[in-house]
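Engineer: So here's target_14.cif (mmCIF, C-alpha atoms and all ligand atoms).
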data_run
#
loop_
_atom_site.label_atom_id
_atom_site.label_comp_id
_atom_site.auth_asym_id
_atom_site.auth_seq_id
_atom_site.Cartn_x
_atom_site.Cartn_y
_atom_site.Cartn_z
CA MET A 51 80.47 102.92 82.25
CA SER A 52 82.76 102.10 79.33
CA LYS A 53 83.78 98.53 78.64
CA GLN A 54 87.24 99.21 79.93
CA ASN A 55 86.17 100.40 83.38
CA ARG A 56 85.74 97.55 85.83
CA LYS A 57 84.59 97.89 89.41
CA ALA A 58 86.74 95.96 91.84
CA PRO A 59 86.26 95.29 95.57
CA PRO A 60 88.39 97.36 97.98
CA TYR A 61 91.99 96.13 98.23
CA SER A 62 91.63 93.58 95.43
CA MET A 63 93.53 95.32 92.61
CA LEU A 64 95.05 97.90 94.96
CA ALA A 65 96.64 95.00 96.86
CA THR A 66 99.16 94.28 94.09
CA ILE A 67 100.42 97.87 94.04
CA TYR A 68 99.85 98.68 97.74
CA ASP A 69 103.48 98.42 98.84
CA GLU A 70 104.65 100.66 96.00
CA VAL A 71 101.91 103.24 96.63
CA MET A 72 102.75 103.16 100.36
CA ALA A 73 106.52 103.26 99.84
CA HIS A 74 106.64 106.59 101.73
CA VAL A 75 105.26 105.03 104.94
CA ASP A 76 107.85 104.41 107.63
CA TYR A 77 106.55 101.10 108.99
CA GLU A 78 109.61 100.76 111.22
CA LYS A 79 108.46 103.93 113.01
CA TRP A 80 104.95 102.46 113.45
CA THR A 81 106.42 99.27 114.87
CA ASN A 82 108.74 101.11 117.24
CA TYR A 83 105.86 103.20 118.53
CA ILE A 84 103.75 100.10 119.22
CA VAL A 85 106.68 98.46 121.04
CA SER A 86 107.19 101.65 123.08
CA LEU A 87 103.55 101.36 124.19
CA PHE A 88 104.21 97.81 125.44
CA GLU A 89 107.06 99.22 127.49
CA LYS A 90 105.04 102.16 128.76
CA TYR A 91 102.36 99.84 130.19
CA ASP A 92 104.92 97.34 131.41
CA LYS A 93 103.72 94.56 129.14
CA LYS A 94 105.94 91.81 127.82
CA PRO A 95 103.75 90.22 125.18
CA GLN A 96 104.65 86.93 123.62
CA SER A 97 101.83 86.77 121.11
CA ILE A 98 100.35 89.49 118.89
CA LEU A 99 97.43 89.53 116.49
CA GLU A 100 97.16 92.30 113.91
CA LEU A 101 93.66 92.95 112.58
CA SER A 102 93.54 94.42 109.06
CA CYS A 103 97.20 93.57 108.67
CA GLY A 104 97.22 94.47 104.97
CA THR A 105 100.38 93.26 103.26
CA GLY A 106 101.97 92.56 106.63
CA ASN A 107 104.49 95.40 106.83
CA VAL A 108 104.18 96.03 110.57
CA LEU A 109 104.13 92.30 111.36
CA LEU A 110 107.26 91.69 109.31
CA SER A 111 109.17 94.26 111.31
CA LEU A 112 107.73 92.92 114.58
CA THR A 113 109.15 89.47 113.82
CA SER A 114 112.65 90.75 114.60
CA LYS A 115 111.42 91.01 118.20
CA LYS A 116 110.53 87.30 118.54
CA TYR A 117 106.80 87.38 119.10
CA ASN A 118 104.38 84.66 118.09
CA ILE A 119 102.51 86.52 115.37
CA PHE A 120 99.09 86.30 113.74
CA GLY A 121 97.59 88.52 111.07
CA LEU A 122 94.17 88.73 109.50
CA ASP A 123 92.62 90.89 106.82
CA LEU A 124 89.31 90.99 104.98
CA SER A 125 91.03 91.15 101.60
CA PHE A 126 92.22 87.78 100.33
CA GLU A 127 94.69 89.53 97.99
CA MET A 128 96.26 91.56 100.81
CA VAL A 129 96.65 88.40 102.93
CA ARG A 130 98.10 86.47 99.98
CA ILE A 131 100.78 89.13 99.46
CA ALA A 132 101.54 89.26 103.19
CA TYR A 133 101.86 85.46 103.25
CA GLU A 134 104.14 85.37 100.20
CA LYS A 135 106.41 88.04 101.70
CA ALA A 136 106.74 86.02 104.91
CA ILE A 137 107.45 82.77 103.01
CA THR A 138 110.07 84.47 100.80
CA ARG A 139 111.85 85.72 103.93
CA ASN A 140 111.49 82.40 105.70
CA ILE A 141 109.49 84.02 108.50
CA ASN A 142 106.76 82.24 110.41
CA ILE A 143 103.58 84.35 110.61
CA ASN A 144 100.11 82.82 110.83
CA TYR A 145 97.90 84.63 108.34
CA PHE A 146 94.23 84.19 107.68
CA GLN A 147 91.49 85.95 105.78
CA ALA A 148 88.68 87.14 108.03
CA ASP A 149 86.44 90.06 108.86
CA MET A 150 87.63 91.77 112.04
CA THR A 151 84.01 91.93 113.20
CA CYS A 152 83.71 88.14 112.97
CA PHE A 153 86.71 86.01 113.86
CA SER A 154 87.95 83.74 116.61
CA LEU A 155 91.31 82.34 117.67
CA LYS A 156 92.14 78.90 119.03
CA ARG A 157 94.14 80.46 121.86
CA PRO A 158 94.01 84.03 123.19
CA VAL A 159 96.90 86.41 122.47
CA ASP A 160 98.57 89.03 124.68
CA VAL A 161 98.06 91.99 122.34
CA VAL A 162 95.70 92.87 119.48
CA ILE A 163 96.61 95.77 117.18
CA CYS A 164 94.63 97.41 114.38
CA LEU A 165 96.54 100.18 112.60
CA TYR A 166 96.55 102.74 109.82
CA ASP A 167 92.93 103.80 110.32
CA SER A 168 91.64 100.36 109.36
CA ILE A 169 88.99 100.70 112.07
CA ASN A 170 87.56 103.70 110.17
CA TYR A 171 86.33 101.15 107.62
CA LEU A 172 83.69 100.13 110.19
CA ASP A 173 80.87 102.53 109.45
CA ASP A 174 78.89 102.38 112.68
CA PHE A 175 79.21 101.51 116.35
CA SER A 176 77.21 98.29 115.99
CA LYS A 177 80.19 97.00 113.96
CA TRP A 178 82.57 98.34 116.60
CA GLN A 179 80.57 96.36 119.15
CA GLN A 180 81.08 93.15 117.14
CA LEU A 181 84.76 93.99 116.80
CA PHE A 182 85.14 94.65 120.53
CA ASP A 183 83.33 91.38 121.40
CA ASN A 184 85.71 89.45 119.14
CA VAL A 185 88.80 91.21 120.46
CA TYR A 186 87.66 90.61 124.04
CA ASP A 187 87.48 86.86 123.37
CA ALA A 188 90.81 86.92 121.49
CA LEU A 189 92.75 88.53 124.38
CA VAL A 190 94.16 87.19 127.63
CA GLU A 191 93.11 88.96 130.87
CA GLN A 192 94.66 92.44 130.93
CA GLY A 193 95.74 92.05 127.33
CA LEU A 194 96.17 95.24 125.31
CA PHE A 195 94.07 96.35 122.38
CA ILE A 196 95.81 99.15 120.45
CA PHE A 197 94.19 100.83 117.47
CA ASP A 198 94.38 104.14 115.67
CA ILE A 199 91.90 106.32 113.86
CA CYS A 200 92.27 109.14 111.38
CA THR A 201 90.51 112.29 112.49
CA GLU A 202 88.24 114.80 110.82
CA LYS A 203 91.14 117.24 110.82
CA ASN A 204 93.06 114.79 108.62
CA SER A 205 90.15 114.40 106.19
CA MET A 206 89.54 118.15 106.02
CA LYS A 207 93.17 119.16 105.72
CA TYR A 208 94.44 116.62 103.23
CA PHE A 209 91.60 114.78 101.58
CA SER A 210 88.76 117.18 100.82
CA ASN A 211 88.68 117.22 97.02
CA TYR A 212 92.15 115.77 96.78
CA THR A 213 93.60 114.19 93.64
CA GLU A 214 96.83 112.27 93.30
CA THR A 215 98.35 110.45 90.38
CA GLY A 216 101.21 108.05 90.52
CA SER A 217 102.91 105.22 88.74
CA GLY A 218 105.09 102.26 89.59
CA SER A 219 106.91 99.34 88.03
CA SER A 220 104.01 98.30 85.75
CA PHE A 221 101.01 100.46 86.59
CA GLU A 222 99.60 103.92 86.96
CA TYR A 223 96.86 105.08 89.28
CA LEU A 224 94.60 107.99 90.06
CA ARG A 225 93.35 108.60 93.60
CA GLU A 226 90.38 110.91 94.10
CA SER A 227 89.39 111.70 97.66
CA SER A 228 86.55 113.68 99.15
CA TYR A 229 85.08 114.22 102.59
CA ASP A 230 81.39 114.61 103.31
CA ARG A 231 81.39 116.53 106.57
CA LYS A 232 77.66 116.06 107.15
CA GLN A 233 77.71 112.28 106.71
CA LYS A 234 81.23 112.03 108.20
CA ILE A 235 82.25 109.85 105.29
CA HIS A 236 85.69 109.99 103.76
CA GLN A 237 85.69 108.50 100.27
CA ASN A 238 88.72 107.35 98.28
CA GLN A 239 88.37 106.18 94.71
CA PHE A 240 91.33 104.45 93.09
CA THR A 241 91.50 103.99 89.31
CA ILE A 242 94.27 101.57 88.42
CA LYS A 243 95.67 100.74 85.00
CA PHE A 244 98.22 97.96 84.59
CA ASP A 245 100.65 97.84 81.66
CA GLY A 246 99.46 95.42 79.01
CA ASP A 247 95.86 95.36 80.31
CA ASP A 248 93.27 97.55 78.58
CA ASN A 249 90.99 97.57 81.62
CA ARG A 250 90.89 100.29 84.23
CA TYR A 251 90.02 98.94 87.67
CA ILE A 252 88.02 101.17 89.97
CA GLU A 253 87.93 100.64 93.72
CA SER A 254 85.75 102.75 95.95
CA HIS A 255 86.70 102.92 99.63
CA GLN A 256 84.60 104.51 102.34
CA GLN A 257 85.76 105.35 105.84
CA ARG A 258 83.66 106.78 108.63
CA ILE A 259 85.16 109.59 110.68
CA TYR A 260 84.48 109.55 114.44
CA THR A 261 85.23 112.09 117.14
CA ILE A 262 87.50 111.21 120.04
CA ASN A 263 84.60 111.82 122.42
CA GLU A 264 82.29 109.44 120.59
CA ILE A 265 84.92 106.73 120.75
CA GLN A 266 85.68 107.34 124.41
CA ASN A 267 81.97 107.15 125.23
CA PHE A 268 81.73 103.89 123.35
CA ILE A 269 84.77 102.47 125.17
CA SER A 270 83.36 103.49 128.56
CA GLN A 271 80.38 101.18 127.90
CA SER A 272 82.63 98.28 126.87
CA HIS A 273 84.58 95.61 128.73
CA PHE A 274 87.78 97.53 128.09
CA GLN A 275 89.47 100.23 130.08
CA CYS A 276 90.87 103.10 128.03
CA LEU A 277 94.42 103.50 129.39
CA ASP A 278 95.16 106.40 127.08
CA ALA A 279 94.38 108.13 123.80
CA PHE A 280 97.41 109.81 122.27
CA ASN A 281 98.02 112.19 119.40
CA GLY A 282 99.62 110.01 116.71
CA PHE A 283 103.02 108.53 117.59
CA SER A 284 103.34 110.51 120.80
CA PHE A 285 102.48 110.27 124.49
CA ARG A 286 100.51 113.54 124.38
CA LYS A 287 96.82 113.44 125.30
CA ALA A 288 94.71 113.24 122.16
CA ASP A 289 92.77 116.23 120.86
CA GLU A 290 90.78 117.00 117.71
CA GLU A 291 93.75 118.88 116.27
CA ALA A 292 95.54 115.57 115.82
CA LEU A 293 95.62 113.93 112.39
CA ARG A 294 95.80 110.47 113.90
CA VAL A 295 94.95 109.21 117.38
CA HIS A 296 96.20 106.01 119.00
CA PHE A 297 93.96 104.38 121.60
CA VAL A 298 95.41 101.99 124.15
CA LEU A 299 92.85 99.74 125.84
CA GLU A 300 93.21 97.02 128.42
CA LYS A 301 90.87 94.08 128.69
CA ALA A 302 89.02 94.36 131.98
CA SER A 303 88.03 91.24 133.82
CA LEU A 304 84.27 90.60 133.69
CA ASN A 305 84.16 91.08 137.51
CA ASP A 306 85.53 94.64 137.24
C1 LIG B 401 94.69 101.37 105.08
S1 LIG B 401 94.82 99.62 104.94
C2 LIG B 401 95.95 99.31 106.28
C3 LIG B 401 96.66 98.00 106.12
C4 LIG B 401 97.78 97.77 107.14
N1 LIG B 401 97.27 97.82 108.50
C5 LIG B 401 98.91 98.75 106.95
O1 LIG B 401 99.29 99.39 107.95
O2 LIG B 401 99.45 98.86 105.86
C6 LIG B 401 93.25 99.09 105.59
C7 LIG B 401 93.11 97.57 105.65
O3 LIG B 401 91.90 97.27 106.37
C8 LIG B 401 91.36 96.08 105.80
N2 LIG B 401 89.96 95.97 106.23
C9 LIG B 401 88.94 96.82 105.97
N3 LIG B 401 87.81 96.38 106.55
C10 LIG B 401 88.13 95.23 107.21
C11 LIG B 401 87.39 94.31 108.01
N4 LIG B 401 86.09 94.49 108.25
N5 LIG B 401 88.03 93.25 108.53
C12 LIG B 401 89.37 93.05 108.30
N6 LIG B 401 90.11 93.89 107.54
C13 LIG B 401 89.50 94.97 107.00
C14 LIG B 401 91.56 96.28 104.31
O4 LIG B 401 91.43 95.09 103.58
C15 LIG B 401 92.98 96.87 104.29
O5 LIG B 401 93.96 95.87 104.17
#
Would you write the structure of this file as structure tokens?

Structural biologist:
Amino acid sequence: MSKQNRKAPPYSMLATIYDEVMAHVDYEKWTNYIVSLFEKYDKKPQSILELSCGTGNVLLSLTSKKYNIFGLDLSFEMVRIAYEKAITRNININYFQADMTCFSLKRPVDVVICLYDSINYLDDFSKWQQLFDNVYDALVEQGLFIFDICTEKNSMKYFSNYTETGSGSSFEYLRESSYDRKQKIHQNQFTIKFDGDDNRYIESHQQRIYTINEIQNFISQSHFQCLDAFNGFSFRKADEEALRVHFVLEKASLND
């Protein structure tokens, strides 16, 4: 590796350019879909926790709806940016840095969300188990746990041997993606170069791809009831043709 190439942890350097790289994402649409799920299941949450909240884009648009909001993310840099955005806009959101497989709250919340295939960063079901145990403790009785996954179809269609270059206000980046169908691992490597800095920062991200069936089997053994699994942003029953699937779970009481 040349002197100018520096390995960086996931979402450390990417954090500072994340919002520009993701400028195409319609976070308002994500938020509206989540709120429509509350309505569909007749829930009127007052408190929401977002796991893997990133730079807080969904939470910022949820604040217009007057919830008590919490966000956590593994990346300190992502949380720092989310926090600064909230402070600049004079919005009260409680952020903290934590691993979604190992966190606890002082008081349970009504809804936990985990979006934009963040859960695919957990590479086996033992980590899902830790996540589910934590979410169970973090939720009130009959609280909702909503998460999405990206599917194999998505990895095959868009990210097998995919390359993208881009630039923003003071940086350029290269994204190289591949999908190992045998290992079910989707890899994204970001090479980032900032103006005025000779270094190139390289982040390697790995996501595990799961089938809908695998996930439903896992949920059936958990203390959650799967209310529905929908093809992304719809109320249609999920299938492997979907690029993204939203799961809606309800915390079951331990006596159920
Ligand atoms: C694709 S980004 C999505 C961020 C945000 N949800 C959004 O919609 O923009 C994935 C996020 O998952 C976070 N993440 C990955 N593994 C995590 C873990 N074990 N615990 C908490 N956050 C994690 C990353 O730091 C990153 O911010």

Engineer: Identify the residues around (88.0, 91.7, 85.9) within a radius of 12 Å, measuring from all atoms listed in the file in the coordinates stated by the file, and give them as a list in words.

Structural biologist: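 Output: Lys53, Gln54, Asn55, Arg56, Lys57, Ala58, Pro59, Ser62, Met63, Ile242, Lys243, Asp247, Asp248, Asn249, Arg250, Tyr251, Ile252 and Glu253 of chain A.
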
Engineer: Quick one: write out the picked residues with C-alpha atoms as a PDB file, in the coordinates of the input?

Structural biologist:
ATOM      1  CA  LYS A  53      83.780  98.530  78.640  1.00  0.00           C
ATOM      2  CA  GLN A  54      87.240  99.210  79.930  1.00  0.00           C
ATOM      3  CA  ASN A  55      86.170 100.400  83.380  1.00  0.00           C
ATOM      4  CA  ARG A  56      85.740  97.550  85.830  1.00  0.00           C
ATOM      5  CA  LYS A  57      84.590  97.890  89.410  1.00  0.00           C
ATOM      6  CA  ALA A  58      86.740  95.960  91.840  1.00  0.00           C
ATOM      7  CA  PRO A  59      86.260  95.290  95.570  1.00  0.00           C
ATOM      8  CA  SER A  62      91.630  93.580  95.430  1.00  0.00           C
ATOM      9  CA  MET A  63      93.530  95.320  92.610  1.00  0.00           C
ATOM     10  CA  ILE A 242      94.270 101.570  88.420  1.00  0.00           C
ATOM     11  CA  LYS A 243      95.670 100.740  85.000  1.00  0.00           C
ATOM     12  CA  ASP A 247      95.860  95.360  80.310  1.00  0.00           C
ATOM     13  CA  ASP A 248      93.270  97.550  78.580  1.00  0.00           C
ATOM     14  CA  ASN A 249      90.990  97.570  81.620  1.00  0.00           C
ATOM     15  CA  ARG A 250      90.890 100.290  84.230  1.00  0.00           C
ATOM     16  CA  TYR A 251      90.020  98.940  87.670  1.00  0.00           C
ATOM     17  CA  ILE A 252      88.020 101.170  89.970  1.00  0.00           C
ATOM     18  CA  GLU A 253      87.930 100.640  93.720  1.00  0.00           C
TER      19      GLU A 253
END

Engineer: Measure the distance from CA of Asp245 in chain A to CA of Ser217 in chain A in Å and round it to one decimal.

Structural biologist: 10.5 Å

Engineer: For ligand LIG 401 (chain B), list the contacting residues at 6 Å or closer, counting only C-alpha atoms and all ligand atoms, as JSON, numbers by chain.

Structural biologist: {"A": [61, 102, 103, 104, 123, 124, 125, 128, 148, 149, 150, 151, 165, 166, 168, 171]}

Engineer: Give the answer as one residue: which of A:Ile163, A:Met206, A:Ile169, A:Lys234 has the shortest atom-to-atom distance to Val298 in chain A, using only C-alpha atoms?

Structural biologist: A:Ile163

Engineer: Find the residue from A:Ile262, A:Ile141, A:Ala302, A:Ala292 that sits nearest to Phe274 in chain A; use only C-alpha atoms when measuring.

Structural biologist: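 Ranking A:Ile262, A:Ile141, A:Ala302, A:Ala292 by distance to Phe274 in chain A, first place goes to A:Ala302.
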
Engineer: Find, counting all atoms listed in the file, the residue in A:Ile196, A:Leu110, A:Val159, A:Cys276 that gets nearest to Ile137 in chain A.

Structural biologist: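 Going through A:Ile196, A:Leu110, A:Val159, A:Cys276 one by one, the smallest distance to Ile137 in chain A is for A:Leu110.
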
Engineer: Measure the distance from CA of Glu202 in chain A to CA of Asn238 in chain A in Å and round it to one decimal.

Structural biologist: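 Distance between the two atoms: 14.6 Å.
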
Engineer: Which residues are close to range 76-91 of chain A, i.e. within 7 Å by all atoms listed in the file, leaving aside same-chain residues fewer than 4 positions away? Reply as a PyMOL selection string.

Structural biologist: chain A and resi 107-108+111-112+283

Engineer: Measure the distance from CA of Gly246 in chain A to CA of Phe221 in chain A in Å and round it to one decimal.

Structural biologist: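 Calculated distance between CA of Gly246 in chain A and CA of Phe221 in chain A is 9.2 Å.
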
Engineer: Could you check which of A:Leu224, A:Leu181, A:Leu109, A:Ile235 is closest to Ser210 in chain A, using only C-alpha atoms?

Structural biologist: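 Of A:Leu224, A:Leu181, A:Leu109, A:Ile235, the one nearest Ser210 in chain A, counting only C-alpha atoms, is A:Ile235.
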
Engineer: Hey, which of A:Asp278, A:Glu264, A:Glu222, A:Asp174 ends up closest to Leu64 in chain A? Count only C-alpha atoms.

Structural biologist: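 Of all the options, A:Glu222 lies closest to Leu64 in chain A.
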
Engineer: Tell me which residues come within 8 Å of (105.7, 93.8, 101.7), as a compact mmCIF listing (two decimals) with C-alpha atoms, in the coordinates of the input, counting all atoms listed in the file in the file's coordinates.

Structural biologist:
# COMPACT_ATOMS: atom_id res chain seq x y z
CA ASP A 69 103.48 98.42 98.84
CA THR A 105 100.38 93.26 103.26
CA GLY A 106 101.97 92.56 106.63
CA ASN A 107 104.49 95.40 106.83
CA ILE A 131 100.78 89.13 99.46
CA ALA A 132 101.54 89.26 103.19
CA LYS A 135 106.41 88.04 101.70

Engineer: Which one is closest to Gly218 in chain A: A:Glu70, A:Ile199, A:Pro60, A:Lys232? Count only C-alpha atoms.

Structural biologist: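 Of all the options, A:Glu70 lies closest to Gly218 in chain A.
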
Engineer: Which residues are near Tyr145 in chain A? Cut-off 9 Å, all atoms listed in the file, ignore same chain within fewer than 6 positions. Put them as a VMD selection string.

Structural biologist: chain A and resid 103 119 to 123 129 to 130 132 to 133
